[in-house]
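Okay, target-v4.pdb is below, PDB, C-alpha atoms:
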```pdb
ATOM      1  CA  MET A1387      97.855  92.756 104.169
ATOM      2  CA  ASN A1388      94.706  94.213 102.625
ATOM      3  CA  PRO A1389      92.916  92.502  99.687
ATOM      4  CA  LYS A1390      94.666  94.681  97.089
ATOM      5  CA  GLU A1391      98.092  93.848  98.486
ATOM      6  CA  ASN A1392      97.230  90.155  98.543
ATOM      7  CA  LEU A1393      95.879  90.341  95.004
ATOM      8  CA  LEU A1394      99.059  91.988  93.727
ATOM      9  CA  ARG A1395     101.162  89.331  95.426
ATOM     10  CA  ALA A1396      99.060  86.638  93.747
ATOM     11  CA  LEU A1397      99.374  88.327  90.360
ATOM     12  CA  HIS A1398     103.143  88.664  90.717
ATOM     13  CA  ARG A1399     103.644  85.190  92.269
ATOM     14  CA  ASP A1400     105.130  86.861  95.324
ATOM     15  CA  GLY A1401     103.886  85.074  98.427
ATOM     16  CA  PRO A1402     100.152  85.885  98.794
ATOM     17  CA  GLU A1403      98.427  84.954 102.036
ATOM     18  CA  TYR A1404      95.459  83.365 100.250
ATOM     19  CA  VAL A1405      94.050  82.653  96.801
ATOM     20  CA  PRO A1406      91.823  85.556  95.649
ATOM     21  CA  VAL A1407      88.287  84.395  94.830
ATOM     22  CA  ARG A1408      85.937  85.862  92.247
ATOM     23  CA  ARG A1409      82.408  86.502  93.530
ATOM     24  CA  MET A1410      79.157  85.777  91.685
ATOM     25  CA  ASP A1411      78.770  89.415  90.625
ATOM     26  CA  GLY A1412      82.205  89.357  88.980
ATOM     27  CA  ARG A1413      83.899  91.210  91.845
ATOM     28  CA  ILE A1414      87.369  90.219  92.997
ATOM     29  CA  PRO A1415      88.266  91.706  96.398
ATOM     30  CA  GLY A1416      91.077  94.224  95.990
ATOM     31  CA  MET A1417      90.121  95.083  92.414
ATOM     32  CA  THR A1418      87.607  97.395  90.792
ATOM     33  CA  ARG A1419      86.599  96.568  87.218
ATOM     34  CA  LEU A1420      85.576  99.458  84.975
ATOM     35  CA  HIS A1421      83.652  99.451  81.691
ATOM     36  CA  TYR A1422      83.650 102.495  79.449
ATOM     37  CA  ARG A1423      80.323 103.733  78.087
ATOM     38  CA  ASN A1424      78.597 101.323  75.693
ATOM     39  CA  SER A1425      81.658  99.104  75.461
ATOM     40  CA  MET A1426      79.175  96.259  74.981
ATOM     41  CA  LEU A1427      75.538  96.413  73.925
ATOM     42  CA  TYR A1428      73.134  94.606  76.217
ATOM     43  CA  GLN A1429      70.011  95.387  74.204
ATOM     44  CA  ALA A1430      69.175  95.795  70.529
ATOM     45  CA  GLY A1431      70.871  98.700  68.775
ATOM     46  CA  VAL A1432      73.829  99.810  66.675
ATOM     47  CA  ASP A1433      77.215 100.169  68.352
ATOM     48  CA  ARG A1434      79.912 102.776  67.673
ATOM     49  CA  TRP A1435      81.448 100.438  65.075
ATOM     50  CA  GLY A1436      78.241 100.202  63.037
ATOM     51  CA  VAL A1437      77.418  96.636  64.055
ATOM     52  CA  ARG A1438      73.702  96.075  64.604
ATOM     53  CA  TRP A1439      72.671  93.947  67.576
ATOM     54  CA  GLU A1440      69.420  92.233  68.508
ATOM     55  CA  GLY A1441      68.125  90.298  71.484
ATOM     56  CA  GLY A1442      69.682  90.412  74.891
ATOM     57  CA  LEU A1443      68.845  88.572  78.095
ATOM     58  CA  PRO A1444      67.197  89.960  81.218
ATOM     59  CA  ALA A1445      69.108  90.976  84.326
ATOM     60  CA  GLY A1446      69.782  88.432  87.061
ATOM     61  CA  PHE A1447      71.944  85.914  85.168
ATOM     62  CA  GLU A1448      74.358  84.198  87.508
ATOM     63  CA  TRP A1449      77.974  85.443  87.533
ATOM     64  CA  GLU A1450      77.316  88.293  85.105
ATOM     65  CA  PRO A1451      74.642  90.903  85.883
ATOM     66  CA  ARG A1452      73.848  91.400  82.169
ATOM     67  CA  ILE A1453      74.328  89.419  78.985
ATOM     68  CA  GLN A1454      74.837  91.309  75.750
ATOM     69  CA  ALA A1455      72.727  91.016  72.631
ATOM     70  CA  TYR A1456      73.984  89.235  69.502
ATOM     71  CA  ALA A1457      75.348  90.762  66.307
ATOM     72  CA  VAL A1458      73.116  90.475  63.222
ATOM     73  CA  GLU A1459      74.461  93.041  60.744
ATOM     74  CA  HIS A1460      78.120  93.569  59.849
ATOM     75  CA  PRO A1461      79.320  96.735  58.079
ATOM     76  CA  LEU A1462      82.358  95.002  56.519
ATOM     77  CA  ALA A1463      80.685  91.812  55.356
ATOM     78  CA  ASP A1464      82.427  92.641  52.084
ATOM     79  CA  LEU A1465      86.006  93.796  52.679
ATOM     80  CA  ALA A1466      85.733  96.004  49.606
ATOM     81  CA  ALA A1467      83.924  98.419  51.938
ATOM     82  CA  LEU A1468      87.046  98.827  54.105
ATOM     83  CA  ALA A1469      88.390 101.690  51.977
ATOM     84  CA  SER A1470      85.347 103.829  52.770
ATOM     85  CA  TYR A1471      84.662 102.559  56.306
ATOM     86  CA  HIS A1472      84.954 105.204  59.036
ATOM     87  CA  PHE A1473      86.520 103.819  62.192
ATOM     88  CA  PRO A1474      85.165 105.167  65.491
ATOM     89  CA  ASP A1475      87.128 107.797  67.390
ATOM     90  CA  PRO A1476      89.088 106.397  70.391
ATOM     91  CA  GLY A1477      89.099 109.962  71.755
ATOM     92  CA  GLU A1478      85.310 110.166  71.691
ATOM     93  CA  PRO A1479      84.176 112.787  74.268
ATOM     94  CA  ASP A1480      82.442 111.492  77.397
ATOM     95  CA  MET A1481      83.300 107.866  76.585
ATOM     96  CA  PHE A1482      84.542 107.421  80.154
ATOM     97  CA  GLY A1483      82.212 109.802  81.974
ATOM     98  CA  ALA A1484      82.904 109.584  85.699
ATOM     99  CA  MET A1485      84.105 105.960  85.650
ATOM    100  CA  PHE A1486      87.415 106.821  87.346
ATOM    101  CA  ASP A1487      85.886 109.045  90.035
ATOM    102  CA  GLY A1488      85.717 108.101  93.689
ATOM    103  CA  ILE A1489      87.904 104.984  93.572
ATOM    104  CA  ASP A1490      89.808 104.087  96.728
ATOM    105  CA  ARG A1491      93.155 103.317  95.124
ATOM    106  CA  GLU A1492      94.696 102.219  98.403
ATOM    107  CA  ALA A1493      92.163  99.399  98.484
ATOM    108  CA  ASN A1494      91.680  98.635  94.789
ATOM    109  CA  LEU A1495      93.676  97.750  91.721
ATOM    110  CA  VAL A1496      91.937  99.602  88.877
ATOM    111  CA  MET A1497      91.279  97.329  85.894
ATOM    112  CA  ALA A1498      89.667  98.685  82.721
ATOM    113  CA  GLU A1499      87.852  96.256  80.457
ATOM    114  CA  VAL A1500      88.384  96.348  76.664
ATOM    115  CA  PRO A1501      86.023  93.788  75.099
ATOM    116  CA  TYR A1502      86.202  92.448  71.547
ATOM    117  CA  LEU A1503      89.873  93.267  71.222
ATOM    118  CA  LEU A1504      91.095  92.113  67.815
ATOM    119  CA  PHE A1505      89.874  88.831  66.289
ATOM    120  CA  GLU A1506      86.476  89.296  67.917
ATOM    121  CA  ARG A1507      86.237  92.874  66.671
ATOM    122  CA  ALA A1508      87.178  91.771  63.141
ATOM    123  CA  TYR A1509      84.563  89.038  62.945
ATOM    124  CA  LEU A1510      81.913  91.314  64.438
ATOM    125  CA  LEU A1511      82.667  93.806  61.679
ATOM    126  CA  MET A1512      82.697  91.119  58.968
ATOM    127  CA  GLY A1513      80.691  88.162  60.260
ATOM    128  CA  MET A1514      82.436  84.967  61.337
ATOM    129  CA  GLU A1515      82.161  83.073  58.047
ATOM    130  CA  ALA A1516      83.200  86.107  55.993
ATOM    131  CA  PHE A1517      86.225  86.622  58.229
ATOM    132  CA  PHE A1518      87.529  83.097  57.758
ATOM    133  CA  VAL A1519      86.887  83.098  54.013
ATOM    134  CA  ALA A1520      88.780  86.385  53.701
ATOM    135  CA  ALA A1521      91.564  85.188  56.027
ATOM    136  CA  THR A1522      92.136  82.341  53.559
ATOM    137  CA  GLU A1523      91.562  84.171  50.266
ATOM    138  CA  GLN A1524      92.485  87.775  51.121
ATOM    139  CA  PRO A1525      94.952  87.572  54.031
ATOM    140  CA  ALA A1526      96.651  90.859  53.132
ATOM    141  CA  ASP A1527      93.335  92.728  53.332
ATOM    142  CA  VAL A1528      92.465  91.044  56.639
ATOM    143  CA  ALA A1529      95.895  92.039  57.968
ATOM    144  CA  ILE A1530      95.140  95.677  57.078
ATOM    145  CA  LEU A1531      91.816  95.489  58.935
ATOM    146  CA  LEU A1532      93.449  93.941  62.012
ATOM    147  CA  HIS A1533      96.199  96.567  61.963
ATOM    148  CA  ARG A1534      93.657  99.381  61.946
ATOM    149  CA  ILE A1535      91.661  97.733  64.751
ATOM    150  CA  ALA A1536      94.876  97.445  66.768
ATOM    151  CA  ASP A1537      95.614 101.145  66.158
ATOM    152  CA  TYR A1538      92.219 101.990  67.663
ATOM    153  CA  GLN A1539      92.667  99.698  70.657
ATOM    154  CA  ILE A1540      96.158 101.048  71.364
ATOM    155  CA  ALA A1541      94.868 104.618  71.376
ATOM    156  CA  LEU A1542      91.981 103.603  73.640
ATOM    157  CA  ILE A1543      94.245 101.713  76.050
ATOM    158  CA  ARG A1544      96.646 104.649  76.307
ATOM    159  CA  ARG A1545      93.699 106.878  77.137
ATOM    160  CA  LEU A1546      92.383 104.434  79.753
ATOM    161  CA  VAL A1547      95.767 104.212  81.471
ATOM    162  CA  ALA A1548      96.155 108.005  81.389
ATOM    163  CA  GLY A1549      92.717 108.186  83.009
ATOM    164  CA  GLY A1550      93.780 105.962  85.883
ATOM    165  CA  ALA A1551      93.757 102.264  84.905
ATOM    166  CA  ASP A1552      96.463 100.080  86.482
ATOM    167  CA  ALA A1553      95.601  97.091  84.306
ATOM    168  CA  ILE A1554      93.807  96.361  81.059
ATOM    169  CA  ARG A1555      91.692  93.234  80.629
ATOM    170  CA  THR A1556      90.776  92.338  77.072
ATOM    171  CA  THR A1557      88.569  89.656  75.529
ATOM    172  CA  ASP A1558      89.500  87.783  72.357
ATOM    173  CA  ASP A1559      88.262  84.184  72.202
ATOM    174  CA  TYR A1560      90.574  82.012  70.082
ATOM    175  CA  GLY A1561      89.336  78.564  71.038
ATOM    176  CA  GLY A1562      86.461  76.181  70.571
ATOM    177  CA  GLN A1563      85.686  73.359  72.942
ATOM    178  CA  ASN A1564      88.426  71.065  71.615
ATOM    179  CA  SER A1565      90.645  73.099  69.304
ATOM    180  CA  LEU A1566      91.621  76.580  68.194
ATOM    181  CA  LEU A1567      89.094  78.301  65.933
ATOM    182  CA  MET A1568      91.871  78.729  63.370
ATOM    183  CA  SER A1569      95.157  76.974  62.742
ATOM    184  CA  PRO A1570      98.119  78.039  64.890
ATOM    185  CA  ARG A1571      99.801  79.103  61.633
ATOM    186  CA  MET A1572      96.932  81.445  60.718
ATOM    187  CA  TRP A1573      96.795  82.792  64.289
ATOM    188  CA  ARG A1574     100.524  83.528  64.243
ATOM    189  CA  ARG A1575     100.370  85.122  60.808
ATOM    190  CA  LEU A1576      97.336  87.384  61.349
ATOM    191  CA  ILE A1577      96.548  87.768  65.060
ATOM    192  CA  LYS A1578      99.858  87.529  66.891
ATOM    193  CA  PRO A1579     101.639  90.538  65.328
ATOM    194  CA  GLU A1580      98.803  92.935  66.136
ATOM    195  CA  LEU A1581      98.193  91.442  69.579
ATOM    196  CA  ALA A1582     101.920  91.894  70.262
ATOM    197  CA  ARG A1583     101.651  95.575  69.315
ATOM    198  CA  ILE A1584      98.709  96.044  71.679
ATOM    199  CA  VAL A1585     100.432  94.277  74.583
ATOM    200  CA  SER A1586     103.652  96.220  74.011
ATOM    201  CA  ALA A1587     101.793  99.533  73.983
ATOM    202  CA  THR A1588     100.039  98.595  77.228
ATOM    203  CA  LYS A1589     103.344  97.772  78.904
ATOM    204  CA  GLU A1590     104.925 100.985  77.614
ATOM    205  CA  VAL A1591     102.393 103.025  79.586
ATOM    206  CA  GLY A1592     102.942 100.937  82.718
ATOM    207  CA  ALA A1593      99.835  98.744  82.889
ATOM    208  CA  MET A1594      99.422  94.996  83.311
ATOM    209  CA  PHE A1595      97.796  93.084  80.450
ATOM    210  CA  PHE A1596      95.064  90.525  81.154
ATOM    211  CA  LEU A1597      93.743  88.397  78.273
ATOM    212  CA  HIS A1598      90.454  86.510  78.367
ATOM    213  CA  SER A1599      90.315  83.787  75.719
ATOM    214  CA  CYS A1600      87.773  80.979  76.034
ATOM    215  CA  GLY A1601      88.112  77.446  74.791
ATOM    216  CA  HIS A1602      91.151  75.391  73.829
ATOM    217  CA  ILE A1603      94.210  77.623  73.340
ATOM    218  CA  MET A1604      97.083  75.393  74.485
ATOM    219  CA  GLU A1605      99.083  75.728  71.249
ATOM    220  CA  VAL A1606      99.380  79.512  71.494
ATOM    221  CA  VAL A1607     100.046  79.944  75.223
ATOM    222  CA  PRO A1608     103.844  80.091  74.634
ATOM    223  CA  ASP A1609     103.201  82.850  72.086
ATOM    224  CA  LEU A1610     101.111  84.787  74.614
ATOM    225  CA  ILE A1611     103.962  84.609  77.102
ATOM    226  CA  GLU A1612     106.464  85.631  74.425
ATOM    227  CA  ILE A1613     104.559  88.827  73.605
ATOM    228  CA  GLY A1614     104.124  89.756  77.266
ATOM    229  CA  VAL A1615     100.637  88.758  78.411
ATOM    230  CA  ASP A1616     100.645  88.846  82.231
ATOM    231  CA  VAL A1617      97.391  87.104  83.145
ATOM    232  CA  LEU A1618      95.314  84.542  81.234
ATOM    233  CA  ASP A1619      91.696  83.559  81.836
ATOM    234  CA  PRO A1620      89.522  81.518  81.942
ATOM    235  CA  ILE A1621      91.755  78.444  81.200
ATOM    236  CA  GLN A1622      88.570  76.567  80.405
ATOM    237  CA  ALA A1623      88.414  73.187  82.099
ATOM    238  CA  GLY A1624      88.084  70.206  79.778
ATOM    239  CA  SER A1625      89.519  72.258  76.942
ATOM    240  CA  ASN A1626      92.977  72.872  78.413
ATOM    241  CA  ASP A1627      95.393  70.813  80.507
ATOM    242  CA  HIS A1628      95.707  72.635  83.829
ATOM    243  CA  VAL A1629      98.543  70.443  85.045
ATOM    244  CA  GLN A1630     100.590  71.101  81.925
ATOM    245  CA  LEU A1631      99.798  74.833  81.961
ATOM    246  CA  LYS A1632     101.060  75.210  85.519
ATOM    247  CA  ARG A1633     104.087  72.960  85.033
ATOM    248  CA  LEU A1634     105.276  74.594  81.808
ATOM    249  CA  TYR A1635     104.214  78.206  82.252
ATOM    250  CA  GLY A1636     103.332  78.827  85.891
ATOM    251  CA  ASP A1637     106.549  80.715  86.579
ATOM    252  CA  ARG A1638     105.850  83.226  83.778
ATOM    253  CA  LEU A1639     102.066  83.523  83.581
ATOM    254  CA  THR A1640      99.309  84.075  86.121
ATOM    255  CA  PHE A1641      96.099  82.093  85.665
ATOM    256  CA  MET A1642      92.558  83.164  86.497
ATOM    257  CA  TYR A1643      89.490  80.974  87.045
ATOM    258  CA  GLY A1644      89.440  77.389  85.686
ATOM    259  CA  VAL A1645      86.632  75.922  87.842
ATOM    260  CA  ASN A1646      84.524  73.796  85.490
ATOM    261  CA  SER A1647      81.275  75.685  84.930
ATOM    262  CA  GLN A1648      80.010  72.930  82.606
ATOM    263  CA  GLY A1649      80.478  70.301  85.289
ATOM    264  CA  ALA A1650      80.007  70.231  89.045
ATOM    265  CA  LEU A1651      79.503  73.970  89.450
ATOM    266  CA  SER A1652      76.305  74.002  87.400
ATOM    267  CA  GLN A1653      75.213  70.368  87.453
ATOM    268  CA  GLY A1654      76.815  68.680  90.456
ATOM    269  CA  THR A1655      76.369  68.575  94.208
ATOM    270  CA  PRO A1656      78.011  70.909  96.735
ATOM    271  CA  ASP A1657      80.415  68.087  97.639
ATOM    272  CA  GLU A1658      81.419  67.745  93.989
ATOM    273  CA  VAL A1659      81.942  71.511  93.773
ATOM    274  CA  ASP A1660      84.156  71.307  96.865
ATOM    275  CA  ALA A1661      86.265  68.607  95.199
ATOM    276  CA  ASP A1662      86.543  70.567  91.936
ATOM    277  CA  VAL A1663      87.672  73.745  93.702
ATOM    278  CA  ARG A1664      90.151  71.745  95.772
ATOM    279  CA  THR A1665      91.700  70.287  92.625
ATOM    280  CA  CYS A1666      91.957  73.692  90.934
ATOM    281  CA  ILE A1667      93.740  75.175  93.914
ATOM    282  CA  GLN A1668      95.958  72.127  94.356
ATOM    283  CA  VAL A1669      97.074  72.257  90.710
ATOM    284  CA  LEU A1670      97.113  75.978  89.905
ATOM    285  CA  ALA A1671      97.753  77.846  93.155
ATOM    286  CA  PRO A1672     101.192  76.637  94.366
ATOM    287  CA  SER A1673     103.663  79.561  94.561
ATOM    288  CA  GLY A1674     100.884  82.043  93.803
ATOM    289  CA  GLY A1675      99.936  83.089  90.298
ATOM    290  CA  TYR A1676      96.297  82.043  90.612
ATOM    291  CA  ILE A1677      92.878  83.658  91.087
ATOM    292  CA  LEU A1678      90.004  81.227  91.677
ATOM    293  CA  GLY A1679      86.851  81.537  89.591
ATOM    294  CA  PRO A1680      84.491  79.762  87.203
ATOM    295  CA  ASP A1681      85.678  79.227  83.653
ATOM    296  CA  ASN A1682      82.555  80.746  82.123
ATOM    297  CA  ALA A1683      79.402  82.702  82.912
ATOM    298  CA  ILE A1684      76.645  80.206  83.596
ATOM    299  CA  ALA A1685      73.730  79.908  86.000
ATOM    300  CA  ILE A1686      74.513  77.822  89.090
ATOM    301  CA  PRO A1687      72.469  76.698  92.088
ATOM    302  CA  GLU A1688      72.807  78.846  95.184
ATOM    303  CA  ALA A1689      74.007  75.863  97.250
ATOM    304  CA  ASN A1690      76.827  75.270  94.773
ATOM    305  CA  TYR A1691      77.849  78.911  94.873
ATOM    306  CA  ARG A1692      78.075  78.758  98.673
ATOM    307  CA  ALA A1693      80.100  75.539  98.411
ATOM    308  CA  TYR A1694      82.448  77.218  95.921
ATOM    309  CA  LEU A1695      83.102  80.166  98.255
ATOM    310  CA  ALA A1696      83.570  77.908 101.269
ATOM    311  CA  ALA A1697      86.000  75.665  99.393
ATOM    312  CA  GLY A1698      87.990  78.662  98.205
ATOM    313  CA  GLU A1699      88.398  79.743 101.821
ATOM    314  CA  ARG A1700      89.065  76.212 103.094
ATOM    315  CA  TYR A1701      91.771  75.223 100.619
ATOM    316  CA  GLY A1702      93.158  78.558  99.478
ATOM    317  CA  ARG A1703      95.251  79.637 102.492
ATOM    318  CA  TYR A1704      99.017  79.598 102.106
ATOM    319  CA  PRO A1705     100.949  77.467 102.818
ATOM    320  CA  LEU A1706      98.603  75.173 100.898
ATOM    321  CA  GLN A1707      97.832  71.939 102.682
ATOM    322  CA  PHE A1708      95.867  68.997 101.284
TER
END
```

Render the structure in this file as structure tokens.
Amino acid sequence: MNPKENLLRALHRDGPEYVPVRRMDGRIPGMTRLHYRNSMLYQAGVDRWGVRWEGGLPAGFEWEPRIQAYAVEHPLADLAALASYHFPDPGEPDMFGAMFDGIDREANLVMAEVPYLLFERAYLLMGMEAFFVAATEQPADVAILLHRIADYQIALIRRLVAGGADAIRTTDDYGGQNSLLMSPRMWRRLIKPELARIVSATKEVGAMFFLHSCGHIMEVVPDLIEIGVDVLDPIQAGSNDHVQLKRLYGDRLTFMYGVNSQGALSQGTPDEVDADVRTCIQVLAPSGGYILGPDNAIAIPEANYRAYLAAGERYGRYPLQF
């Protein structure tokens, strides 16, 4: 069984030989992750949506090779501008370049990344405070904006799958450290219908749907399953109950990551990292449906990274034994 075959078995909860492990550079053996051109800005500039970015961090950050800049100017800070706002073209020429060329498909699942999917894209266009004020005072207008964003993302995803993607991984952070960033009622009224359209369109063209959503999101996990999300990351430790997630949803949802990057991985000893990885595998890996990894991008000591890899190998072989 090559790494791709094992990865697919893990994703489908179908008897993998071992728990796949994410490497420090973001690589998961058996998978190639693709980013279309300028999908995220890593230095100051204006993106294709008209959002102006500043800052950016130098290369060499642990887990992620680059960290993007931060948004400082929002073209829809006043939703009255929506009527005249020109959305970018999802069929933009040369957006993909040669990103699909030269991939060994026998050895790799091809996953295309779509950052800032829906909620994130809306608040980047508006600004976070303006989004939440409008979501309360002008929900119908916010719903129109989200619908048009979803139209763009659906067209882009269809193009990515036609180009060769087997899976789509999106980012849309709904949670803070201890709670959702909005009420479950608001999330279900504004976000869920458009997210459901995006997931459905992805499934219609035959691709798996991965959702990255940081922070506490326990209340909406049943909704994510209902609309067809296949894989959820990073199931942030300390913000979500891993035992409950696996017990209630482990037969319908695959989990990625979950190793506490705010704890032992960044601040503890190698022995503490070993114990943390062991617990993650013990709780989340039975019957497959788990990919080991940190729950966020954060600098870690080299000794802890080595301990993480060694623990993944030590405890992650099926049948699991502890």

Determine the residue membership of the PyMOL selection byres ((chain A and resi 1403-1418) around 8) for the file above and supply it as a PyMOL selection string. chain A and resi 1388-1393+1396+1401-1402+1419-1420+1448-1451+1493-1497+1643+1671+1674+1676-1679+1691+1695+1698+1702-1705

Print the selection's residues with C-alpha atoms to a file, as a PDB file, in the frame of the given file.
```pdb
ATOM      1  CA  ASN A1388      94.706  94.213 102.625  1.00  0.00           C
ATOM      2  CA  PRO A1389      92.916  92.502  99.687  1.00  0.00           C
ATOM      3  CA  LYS A1390      94.666  94.681  97.089  1.00  0.00           C
ATOM      4  CA  GLU A1391      98.092  93.848  98.486  1.00  0.00           C
ATOM      5  CA  ASN A1392      97.230  90.155  98.543  1.00  0.00           C
ATOM      6  CA  LEU A1393      95.879  90.341  95.004  1.00  0.00           C
ATOM      7  CA  ALA A1396      99.060  86.638  93.747  1.00  0.00           C
ATOM      8  CA  GLY A1401     103.886  85.074  98.427  1.00  0.00           C
ATOM      9  CA  PRO A1402     100.152  85.885  98.794  1.00  0.00           C
ATOM     10  CA  ARG A1419      86.599  96.568  87.218  1.00  0.00           C
ATOM     11  CA  LEU A1420      85.576  99.458  84.975  1.00  0.00           C
ATOM     12  CA  GLU A1448      74.358  84.198  87.508  1.00  0.00           C
ATOM     13  CA  TRP A1449      77.974  85.443  87.533  1.00  0.00           C
ATOM     14  CA  GLU A1450      77.316  88.293  85.105  1.00  0.00           C
ATOM     15  CA  PRO A1451      74.642  90.903  85.883  1.00  0.00           C
ATOM     16  CA  ALA A1493      92.163  99.399  98.484  1.00  0.00           C
ATOM     17  CA  ASN A1494      91.680  98.635  94.789  1.00  0.00           C
ATOM     18  CA  LEU A1495      93.676  97.750  91.721  1.00  0.00           C
ATOM     19  CA  VAL A1496      91.937  99.602  88.877  1.00  0.00           C
ATOM     20  CA  MET A1497      91.279  97.329  85.894  1.00  0.00           C
ATOM     21  CA  TYR A1643      89.490  80.974  87.045  1.00  0.00           C
ATOM     22  CA  ALA A1671      97.753  77.846  93.155  1.00  0.00           C
ATOM     23  CA  GLY A1674     100.884  82.043  93.803  1.00  0.00           C
ATOM     24  CA  TYR A1676      96.297  82.043  90.612  1.00  0.00           C
ATOM     25  CA  ILE A1677      92.878  83.658  91.087  1.00  0.00           C
ATOM     26  CA  LEU A1678      90.004  81.227  91.677  1.00  0.00           C
ATOM     27  CA  GLY A1679      86.851  81.537  89.591  1.00  0.00           C
ATOM     28  CA  TYR A1691      77.849  78.911  94.873  1.00  0.00           C
ATOM     29  CA  LEU A1695      83.102  80.166  98.255  1.00  0.00           C
ATOM     30  CA  GLY A1698      87.990  78.662  98.205  1.00  0.00           C
ATOM     31  CA  GLY A1702      93.158  78.558  99.478  1.00  0.00           C
ATOM     32  CA  ARG A1703      95.251  79.637 102.492  1.00  0.00           C
ATOM     33  CA  TYR A1704      99.017  79.598 102.106  1.00  0.00           C
ATOM     34  CA  PRO A1705     100.949  77.467 102.818  1.00  0.00           C
TER      35      PRO A1705
END
```

Expansion of the PyMOL selection byres ((chain A and resi 1436) around 12) into residues, as a PyMOL selection string: chain A and resi 1427+1431-1435+1437-1439+1457-1463+1471-1474+1507+1510-1512

With all atoms listed in the file as the atoms that count, which of A:Ala1696, A:Pro1570, A:Ser1673, A:Ile1667 lies nearest to Phe1708 of chain A? A:Ile1667

Enclose the full set of atoms of segment 1641-1656 of chain A listed in the file within a box whose edges lie along x, y and z, apply 5 Å of padding to each of the six sides, and report centre and edge lengths in Å to one decimal as JSON.
```
{"center_x": 85.7, "center_y": 75.9, "center_z": 89.7, "size_x": 30.9, "size_y": 24.6, "size_z": 24.1}
```

Once the PyMOL selection byres ((chain A and resi 1602) around 6) has been evaluated on this model, what residues remain selected, and can you format them as a list in words?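 Listing what the PyMOL selection byres ((chain A and resi 1602) around 6) selects in the shown file: Gly1561, Gly1562, Gln1563, Asn1564, Ser1565, Leu1566, Gly1601, Ile1603, Met1604, Ser1625 and Asn1626 of chain A.
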
So what do you get for atom CA of Glu1523 of chain A versus atom CA of Leu1468 of chain A, distance-wise? 15.8 Å
